[in-house]
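Engineer: One structure, as structure tokens, below. Some questions next.
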Amino acid sequence: LYWNFQQIYSMFEKFFELIFHKPMTGYQRTWARRFLLSKSFTLVAPTGVGKTTFGLVASLFSALHGKKSALVFPTISLAQQSFERLNQFKSKIQNADAIRILLFNSSMTKSEKEEFEQRFLSQDFEILIVSSQFISKRKDVLSKMFFDLVFVDDVDAILKSSKNIDTLLQMIGFSEDEIEKATERLRSKNKENGQDTVSNGSKNKGMLIVSSATAKPQGLKPLLFRELLGFEIGRFTFNIRNITNIRIKNKSNEKLLEIINILKDGILLFVNTEEEGKEIVKFLLENGIKIGATWNDFEKEFEFFKEGKLNVICGVSSYYGKLIRGIDLPSRIKYCIFWETPCFRFLIDMDKAPRFVLERVFVEYLDNHPKLKEYFKNVEYLQTEKLRQLVSKYISYEDYSKIVNKIFSHLKLTDDGKLIIPDVPTYIQGSGRTSRMFGMNLTKGVSILFEEDDTIFESLKSRLMFLLDEEWIDESEVNLESLIMEVEESRKSRNEDFNVNDT
Ligand code: ADP
Ligand code: MG
């Protein structure tokens, strides 16, 4: 399967270069992966990084494989422009006659309009190019058609009407009934009791790709996207990244040493505690690795790392840790290694539990106690201390433990009564150091995680998948040499860009 994906990916890569005469940018490579994995997603990126170009190429690629696309633009003139670019691209393809492109333009003559109408209704096209306005005007017809791909350029314009969202979803095959039910689920907000909200029912559905420079839509309807397609617009504003995550199940010093010797340079090593870190650093130093640590003289060690006198720098993985947040060195930092998943560990004792646990327990409890729920109905926010008091006042310790166990059943409970929850934001922040946007380029990074515990790993993996759509590769499937090449390549072109912009 993996090999097949690589083949399709390199086919797309070649196709892009054939019709555009330039390689994809880092952003575009990330989007290409998702597109080829048939995932609906949002392209949140500033203007000028190649969103529209990507959408055009994707629709042509789909057309060559017998699939129908609709491209939706905020204005007619943008639709017209894209129509022209698309035809220019098309002229580079051999045997492109089978690709029929249909444009709606309000300034067409009467006979042109009639021809459009006839071709539109009989679906005599592979690619349909329209404006947002067309979506609302012709929703009755569009909602009954099926498109394998709907690409909405600049989604903000179209989200102004919530009816448009229904139409877009219908265009990729959702029924009115499915949309209605999802809306209901969102209204009732009673999600904790139900199944996981992200529907997996998007099989046999088309793909919806929406682009936005700043997407921050308001209201209930945009949430439908998440409910039905598993993504949400504008909520998670992590930077775009291109990172391969690798898990190594067997945690041993020797394996760590071996990996570091293969990667050689530009490595951040994250440990959970300073104590553990000191031991590992000692071991690596004894084995000839040039490694520094943040608990020594941070400024000095970091300078050495920057200059290349050190190959590895070790630090504690906590959200505000120096290595996690404080540095931005896209050309130097290529790899990170987590010596265990960053985790929160706490007793399931209500006096020690963090706020988010108390909150979830309290909400769960209220759901089963309507009178109490009524009483707290207008309360927006409770201080942590107040929450703690309420939890101990209303909820017996036994009930509390039961609820905690139920809510966090997929997480790990240790023998001494501690609950372990992977600290996903810290993993994201830490690994994010290896993949940064630089001009038109996104540097490629690799994040290696040593984790022996399957429960903790699965939990991290599923949340990362939900938040970033990022996948994991097992150690056994990995070809480190080719990854290293990709990492180096992405930094080479970065330097060229840098020079061009700089002079
Ligand atoms: P966006 O829709 O994000 O604003 P566009 O697709 O309009 O971006 O692209 C912006 C500019 O960058 C255009 O001039 C386009 O030709 C150019 N461009 C797009 N993709 C690439 C690429 N892979 N390499 C070089 N230039 C590109
Ligand atoms: Mg654009």
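So you can find residues: chains in the structure tokens are A, B, ... in the order shown, residues in each start at 1, and ligands are numbered from 1 in order.
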Could you list, as a PyMOL selection string, all the residues within 10 Å of ligand 2, counting only C-alpha atoms and all ligand atoms?
Structural biologist: chain A and resi 45-55+73+78+82+153-154+211-213
Engineer: Go ahead and write the selection's residues with N, CA, C and O atoms as an mmCIF file, in the first residue's frame.
Structural biologist:
```cif
data_model
loop_
_atom_site.group_PDB
_atom_site.id
_atom_site.type_symbol
_atom_site.label_atom_id
_atom_site.label_comp_id
_atom_site.auth_asym_id
_atom_site.auth_seq_id
_atom_site.Cartn_x
_atom_site.Cartn_y
_atom_site.Cartn_z
ATOM 1 N N ALA A 45 -3.509 29.000 4.276
ATOM 2 C CA ALA A 45 -2.175 29.519 4.004
ATOM 3 C C ALA A 45 -2.326 30.925 3.439
ATOM 4 O O ALA A 45 -3.347 31.251 2.843
ATOM 5 N N PRO A 46 -1.316 31.746 3.629
ATOM 6 C CA PRO A 46 -1.419 33.119 3.123
ATOM 7 C C PRO A 46 -1.512 33.163 1.596
ATOM 8 O O PRO A 46 -1.219 32.181 0.920
ATOM 9 N N THR A 47 -1.928 34.316 1.091
ATOM 10 C CA THR A 47 -2.048 34.510 -0.352
ATOM 11 C C THR A 47 -0.684 34.368 -1.016
ATOM 12 O O THR A 47 0.319 34.764 -0.445
ATOM 13 N N GLY A 48 -0.688 33.763 -2.185
ATOM 14 C CA GLY A 48 0.549 33.730 -2.960
ATOM 15 C C GLY A 48 1.397 32.492 -2.778
ATOM 16 O O GLY A 48 2.460 32.379 -3.360
ATOM 17 N N VAL A 49 0.959 31.528 -1.988
ATOM 18 C CA VAL A 49 1.790 30.345 -1.802
ATOM 19 C C VAL A 49 1.384 29.191 -2.718
ATOM 20 O O VAL A 49 1.971 28.116 -2.654
ATOM 21 N N GLY A 50 0.375 29.415 -3.549
ATOM 22 C CA GLY A 50 0.081 28.395 -4.563
ATOM 23 C C GLY A 50 -1.158 27.558 -4.330
ATOM 24 O O GLY A 50 -1.255 26.446 -4.843
ATOM 25 N N LYS A 51 -2.138 28.095 -3.615
ATOM 26 C CA LYS A 51 -3.375 27.347 -3.355
ATOM 27 C C LYS A 51 -4.169 27.143 -4.639
ATOM 28 O O LYS A 51 -4.584 26.029 -4.963
ATOM 29 N N THR A 52 -4.389 28.266 -5.357
ATOM 30 C CA THR A 52 -5.210 28.190 -6.557
ATOM 31 C C THR A 52 -4.561 27.278 -7.601
ATOM 32 O O THR A 52 -5.223 26.411 -8.181
ATOM 33 N N THR A 53 -3.255 27.468 -7.792
ATOM 34 C CA THR A 53 -2.534 26.616 -8.742
ATOM 35 C C THR A 53 -2.729 25.147 -8.399
ATOM 36 O O THR A 53 -3.002 24.322 -9.275
ATOM 37 N N PHE A 54 -2.600 24.842 -7.115
ATOM 38 C CA PHE A 54 -2.768 23.463 -6.695
ATOM 39 C C PHE A 54 -4.156 22.929 -7.063
ATOM 40 O O PHE A 54 -4.303 21.821 -7.576
ATOM 41 N N GLY A 55 -5.190 23.745 -6.793
ATOM 42 C CA GLY A 55 -6.561 23.325 -7.084
ATOM 43 C C GLY A 55 -6.761 23.036 -8.572
ATOM 44 O O GLY A 55 -7.406 22.058 -8.945
ATOM 45 N N PHE A 73 -15.104 29.861 -7.356
ATOM 46 C CA PHE A 73 -14.305 31.047 -7.073
ATOM 47 C C PHE A 73 -15.188 32.162 -6.539
ATOM 48 O O PHE A 73 -16.384 32.211 -6.833
ATOM 49 N N LEU A 78 -12.269 35.946 -11.333
ATOM 50 C CA LEU A 78 -11.320 34.904 -10.906
ATOM 51 C C LEU A 78 -11.634 33.570 -11.565
ATOM 52 O O LEU A 78 -10.718 32.817 -11.912
ATOM 53 N N SER A 82 -9.026 31.607 -14.042
ATOM 54 C CA SER A 82 -8.655 30.219 -13.801
ATOM 55 C C SER A 82 -8.982 29.350 -14.992
ATOM 56 O O SER A 82 -8.249 28.407 -15.302
ATOM 57 N N ASP A 153 -12.225 27.938 -3.761
ATOM 58 C CA ASP A 153 -11.133 28.873 -3.551
ATOM 59 C C ASP A 153 -11.672 30.050 -2.758
ATOM 60 O O ASP A 153 -12.678 30.648 -3.135
ATOM 61 N N ASP A 154 -11.008 30.362 -1.672
ATOM 62 C CA ASP A 154 -11.432 31.444 -0.792
ATOM 63 C C ASP A 154 -12.813 31.164 -0.208
ATOM 64 O O ASP A 154 -13.817 31.745 -0.599
ATOM 65 N N SER A 211 -10.061 26.466 0.345
ATOM 66 C CA SER A 211 -8.865 27.241 0.617
ATOM 67 C C SER A 211 -9.249 28.557 1.276
ATOM 68 O O SER A 211 -10.318 29.108 1.042
ATOM 69 N N SER A 212 -8.374 29.001 2.141
ATOM 70 C CA SER A 212 -8.639 30.246 2.829
ATOM 71 C C SER A 212 -7.329 30.829 3.320
ATOM 72 O O SER A 212 -6.429 30.103 3.721
ATOM 73 N N ALA A 213 -7.224 32.151 3.278
ATOM 74 C CA ALA A 213 -6.013 32.766 3.804
ATOM 75 C C ALA A 213 -6.136 32.930 5.312
ATOM 76 O O ALA A 213 -5.164 32.891 6.040
#
```
Engineer: Using DSSP on the backbone, list every residue of segment 377-435 of chain A that comes out as strand (DSSP E), and give them as a ChimeraX atom specification.
Structural biologist: /A:412-413,418-422
Engineer: Here is a test: counting only C-alpha atoms, which residue of A:Ser40, A:Gln118, A:Asn250, A:Ser132 is nearest to Leu149 of chain A?
Structural biologist: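 That would be A:Ser40, the residue with the smallest distance to Leu149 of chain A.
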Engineer: Using only C-alpha atoms, which protein or nucleic acid residues come within 10 Å of Ile135 of chain A? Drop anything in the same chain fewer than 2 positions from it, and give the result as a list of chain:residue names.
Structural biologist: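 That gives A:Val72, A:Phe73, A:Val130, A:Ser131, A:Ser132, A:Gln133, A:Lys137, A:Arg138, A:Lys139, A:Asp140, A:Val141, A:Leu142, A:Ser143, A:Ile158, A:Lys163, A:Asn164, A:Ile165, A:Thr167, A:Leu168.
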Engineer: For segment 292-299 of chain A, list every protein, DNA or RNA residue within 7 Å, evaluated using only C-alpha atoms, and leave out those in the same chain fewer than 6 positions away; present the list as a PyMOL selection string.
Structural biologist: chain A and resi 310+312-315
Engineer: Find the residue from A:Lys278, A:Leu442, A:Phe305, A:Glu180 that sits nearest to ligand 1; use only C-alpha atoms and all ligand atoms when measuring.
Structural biologist: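 Distance minimum relative to ligand 1 lands on A:Leu442.
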Engineer: Would you please work out which residue, of A:Phe450, A:Leu86, A:Ile348, A:Leu268, is nearest to Asn253 of chain A when using only C-alpha atoms?
Structural biologist: A:Phe450
